[in-house]
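Chemist: One structure, pasted below without further comment.
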Amino acid sequence: MKKHRLVSLPSLREAARRDPNCPISYLKADTKPDSFLVSWGQGKIFCIRTYGCQANVRDSEIIRGFLLALGMKETDSFAEADFILFNTCAIRENAENHLYGELGQAKDAYEHKPDLIIGICGCVMQEEVPVKHILDHFPFVSLIFGTNNMTSFYSLLEEVIKKNVLLVDVRSGSTAVEEGLPESKESRLSKVSAFVNIMYGCDKFCTYCIVPFTRGKERSRKVEDILSEVNCLKQEGYKQVTLLGQNVDAYGKDFGDKYAFADLLEKVALTGIPRIRFVTPYPSDFNTKVFDVMAKYPNVMPSLHLPVQSGSNAVLKRMNRRYTREQYLAIAHELRERLPDVYLTTDIIVGFPGETEADFEGTLSLCQEVKYDAAYTFIFSPRPGTPAYFMKDDTSMATKHERFDRLKDLIEKLTAEKADTAVNQDVEVLFEDVSKKDPSMITGYDRHNKLVHVKGDKSLIGQIRMVHILESHTYSLIGEVKDE
C-alpha cells in the first residue's frame, strides 16, 4: 500500500459553512508546467473517464488541456495508459457504483504496469465517506482531488511522481473564479460544439442534492471573459456554444444584477456565433426577459430545459424547491405563448420520501398540461449527507418502480406525438459526428436539440444543412440532406 499524504479532506458539514459576505476573487490560473513535468510527459499516454453532467465534461476538457500541454497523447484503453483519471459524479448512486467497477478494471492495468498513475477527481471526491472507501479498498490509486482545486493539477501530479505517494487534496467550497485555463482546439472533445462556463456553484440547497456541497457557492465569471472565450471559439470554427451553470438564472446576482443572464445571453447572440444554448435555469429565478432575447435572436435556439422535479406542492416543499406547481405552470404557459415553437424538456424525480399516490398523480397531470417534448426521469437516489437521506420513506421500491413506469409511458407518448410532427418537415441540422452504431450515418441536432441521422460522409461534420425528415423514432429522427 502506498503511503498517503492527506492535505485536506473537508466534511460536507464544513463545505456547507459559508460566509455570505466573503468576496469572490478573480484569479489567473497557474497553468504553465515546469521542465520536470514536460520531460516526464513526453511520449506518455493518458485516459480520462468522465461521469455525469456537462460541467464534468467541461472539467475533463480542462484537465485534458493540462495533459496535452505536457506532450501526452490520449487513449480509451486502460492497458495503454500511463495515467488514468476518473472524473466522478455524485448526483446518483449508480454513477458512484460505476466508478468502483471501473476502478476494478484499472487495477488489472496497474498490476501489469506498476508505475501507472491512477487519479480520481470530481464531485464524489468532495465527499468524505467515498474518499475513505477508496483509501481502504483501492490502495493502487495515487491521486485524489476535488472540484475546487482542479487548477492545482500540475503541482499535485508532480508531487505524486516525485514522492510516489497517494496524495489526497480536496478543498471545501471555493469563492474563486480562475481564468486563463489551458485552452486549445485540441483540448475540446468536440470540434463543432463547445461548453462555456458562465458561473460555478449553487446556493439552492435542494434537500436531495449534493451539488452545493461539492461545487461551492454561486460565483459568476466576468462578462468580458465569457465573450472573449465565445469569440475565440467562433474564430476557431465552432458553430455552437452551450452556456453552463448549475443555475444560469443566478448569473450576475453576485454583481447585484438580476437581469444579468438575459443581458449576457443577448451579448453572446451579438457575437454572431451560429447557435447558442444554455443549461440549466431554475424556475423561481427565471426572468421572462430571457424569452424576449430568445425570440429576438435566431441564433438562440428555441429549446429550454426547465427542471420541475415534482408536480406536487407538498413534495416540492420537502425538496426545498423554491416555487410552487402554480408558479411553474405560469412560466411554462407564458413560454408556450411567447415562443410557440419552443422545445421544452424537464427533470422529474419519482419516489421522493413521503410521496403519496396523490402527489404522483399531480406530477402526471402537470406533465399532461405542460406537454413536455421530452423528460429525464429518475427514481429517487438518496445521497449521504443531504437532508433527504435522513427523511422517513415508507414507499416500497416496487411502488416506486410502478410509478416510474407509468411516468415513463406518459413521457414517451408525449415525446412520440411531438416527434411524429417532424416527419415530412424540413429542419436545420448542425452535424457533429459519425454515428457510433452505423458508420455510414452522420449525426447532428436540429434547432430543438433533437437528434437527427442522415446517410453521408465526414464532410458533413461542422456544416449546418437543411434536412428532410423521413422517419421518427421517438428520441431521434431519420432524414436526408436536401440539395443546396
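Letters A, B, ... go to the chains of the C-alpha cells in the order shown; residues in each chain start at 1; ligands are counted from 1 in the same order.
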Skipping near chain neighbours, those fewer than 4 positions away, what residues fall within 6 Å of range 9-25 of chain A using only C-alpha atoms, listed as a count of residues only?
Modeler: 7
Chemist: Quick check for you: according to DSSP on this backbone, which residues of range 216-412 of chain A are classed as strand (DSSP E)? Reply as an NGL selection string.
Modeler: :A and (219-220 or 240-244 or 275-279 or 303-305 or 343-350 or 374-379)
Chemist: Would you mind exporting the chosen residues as a PDB file, in the first residue's frame, restricted to C-alpha atoms?
Modeler:
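The resulting file, out_22.pdb, is shown below:
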```
ATOM      1  CA  ARG A 219     -19.931  32.761  -8.433  1.00  0.00           C
ATOM      2  CA  SER A 220     -20.115  34.332 -11.869  1.00  0.00           C
ATOM      3  CA  GLN A 240     -22.371  26.246 -31.280  1.00  0.00           C
ATOM      4  CA  VAL A 241     -21.778  27.169 -27.650  1.00  0.00           C
ATOM      5  CA  THR A 242     -23.731  25.953 -24.639  1.00  0.00           C
ATOM      6  CA  LEU A 243     -23.593  28.341 -21.688  1.00  0.00           C
ATOM      7  CA  LEU A 244     -23.176  26.324 -18.489  1.00  0.00           C
ATOM      8  CA  ARG A 275     -26.003  28.558 -32.391  1.00  0.00           C
ATOM      9  CA  ILE A 276     -26.408  29.235 -28.656  1.00  0.00           C
ATOM     10  CA  ARG A 277     -27.924  27.019 -25.976  1.00  0.00           C
ATOM     11  CA  PHE A 278     -27.904  27.259 -22.181  1.00  0.00           C
ATOM     12  CA  VAL A 279     -28.397  24.989 -19.157  1.00  0.00           C
ATOM     13  CA  SER A 303     -35.183  24.863 -26.679  1.00  0.00           C
ATOM     14  CA  LEU A 304     -35.340  25.120 -22.912  1.00  0.00           C
ATOM     15  CA  HIS A 305     -34.608  22.622 -20.156  1.00  0.00           C
ATOM     16  CA  TYR A 343     -38.899  22.528 -27.338  1.00  0.00           C
ATOM     17  CA  LEU A 344     -39.418  22.145 -23.587  1.00  0.00           C
ATOM     18  CA  THR A 345     -37.756  19.418 -21.517  1.00  0.00           C
ATOM     19  CA  THR A 346     -37.524  18.755 -17.784  1.00  0.00           C
ATOM     20  CA  ASP A 347     -36.191  16.587 -14.931  1.00  0.00           C
ATOM     21  CA  ILE A 348     -38.546  14.576 -12.703  1.00  0.00           C
ATOM     22  CA  ILE A 349     -37.810  12.565  -9.553  1.00  0.00           C
ATOM     23  CA  VAL A 350     -40.146   9.680  -8.708  1.00  0.00           C
ATOM     24  CA  ALA A 374     -39.009  15.064 -23.541  1.00  0.00           C
ATOM     25  CA  ALA A 375     -38.073  14.463 -19.917  1.00  0.00           C
ATOM     26  CA  TYR A 376     -35.282  12.911 -17.875  1.00  0.00           C
ATOM     27  CA  THR A 377     -36.920  10.754 -15.216  1.00  0.00           C
ATOM     28  CA  PHE A 378     -35.272   9.185 -12.181  1.00  0.00           C
ATOM     29  CA  ILE A 379     -36.206   7.129  -9.146  1.00  0.00           C
TER      30      ILE A 379
END
```
Chemist: Pick out each residue of range 331-481 of chain A that DSSP on the backbone tags as helix (DSSP H, G or I); I need them as a count of residues only.
Modeler: 53
Chemist: What's the 12 Å shell around Pro274 in chain A, counting only C-alpha atoms, without same-chain residues fewer than 4 positions away, as a short mmCIF file (atom, residue, chain, number, x, y, z; two decimals) with C-alpha atoms, in the first residue's frame?
Modeler:
```cif
data_model
loop_
_atom_site.label_atom_id
_atom_site.label_comp_id
_atom_site.auth_asym_id
_atom_site.auth_seq_id
_atom_site.Cartn_x
_atom_site.Cartn_y
_atom_site.Cartn_z
CA VAL A 192 -18.13 21.71 -33.57
CA SER A 193 -19.98 22.44 -30.33
CA VAL A 230 -17.04 32.73 -27.26
CA ASN A 231 -15.33 34.94 -29.83
CA LEU A 233 -14.41 29.65 -30.34
CA LYS A 234 -16.17 31.36 -33.23
CA GLN A 235 -12.82 32.25 -34.83
CA GLY A 237 -14.73 27.49 -36.44
CA TYR A 238 -17.08 26.33 -33.69
CA LYS A 239 -20.72 26.52 -34.70
CA GLN A 240 -22.37 26.25 -31.28
CA VAL A 241 -21.78 27.17 -27.65
CA THR A 242 -23.73 25.95 -24.64
CA VAL A 268 -23.38 36.30 -26.76
CA ALA A 269 -26.03 36.35 -29.51
CA LEU A 270 -24.46 39.53 -30.90
CA TYR A 297 -32.19 36.38 -31.93
CA PRO A 298 -32.46 33.39 -34.30
CA ASN A 299 -29.08 32.08 -33.16
CA VAL A 300 -30.50 31.44 -29.66
CA MET A 301 -32.00 28.00 -30.12
CA GLU A 428 -31.96 22.79 -39.94
CA VAL A 429 -29.31 20.42 -38.58
CA LEU A 430 -25.82 21.03 -37.24
CA ARG A 447 -32.68 23.67 -33.63
CA GLY A 462 -19.40 21.04 -38.88
CA GLN A 463 -21.95 22.00 -41.52
CA ILE A 464 -25.44 23.36 -40.89
#
```
Chemist: Could you name the residues that touch range 457-460 of chain A at 8 Å or less, counting only C-alpha atoms, but leaving out those on the same chain fewer than 6 positions away, as a PyMOL selection string?
Modeler: chain A and resi 431+433-434+440-442
Chemist: Would you export the selected residues with C-alpha atoms as a compact mmCIF listing (two decimals), in the first residue's frame, please?
Modeler:
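File written: result.txt
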```txt
# COMPACT_ATOMS: atom_id res chain seq x y z
CA PHE A 431 -23.82 17.86 -37.94
CA ASP A 433 -20.13 13.29 -35.60
CA VAL A 434 -20.23 9.88 -37.22
CA SER A 440 -22.44 5.21 -42.80
CA MET A 441 -24.65 7.65 -40.86
CA ILE A 442 -23.74 11.18 -39.74
```
Chemist: From the set A:Ala422, A:Met199, A:Met319, A:Ile117, which residue has the shortest atom-to-atom contact distance to Ile478 in chain A, counting only C-alpha atoms?
Modeler: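 Once distances to Ile478 in chain A are computed over only C-alpha atoms, the minimum belongs to A:Ala422.
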Chemist: Restricting the calculation to only C-alpha atoms: of A:Lys217, A:Arg58, A:Lys371, A:Lys437, which residue gets closest to Leu329 in chain A?
Modeler: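 When distances to Leu329 in chain A are compared using only C-alpha atoms, the smallest one comes from A:Lys371.
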Chemist: Identify, on the basis of only C-alpha atoms, every residue whose closest approach to range 352-365 of chain A does not exceed 12 Å; exclude the query and any residue fewer than 4 positions from it along the same chain; express the result as an NGL selection string.
Modeler: :A and (207-208 or 308-319 or 325-326 or 329 or 346-348 or 369-372 or 377-382 or 387-397 or 399-400 or 402-411 or 414)
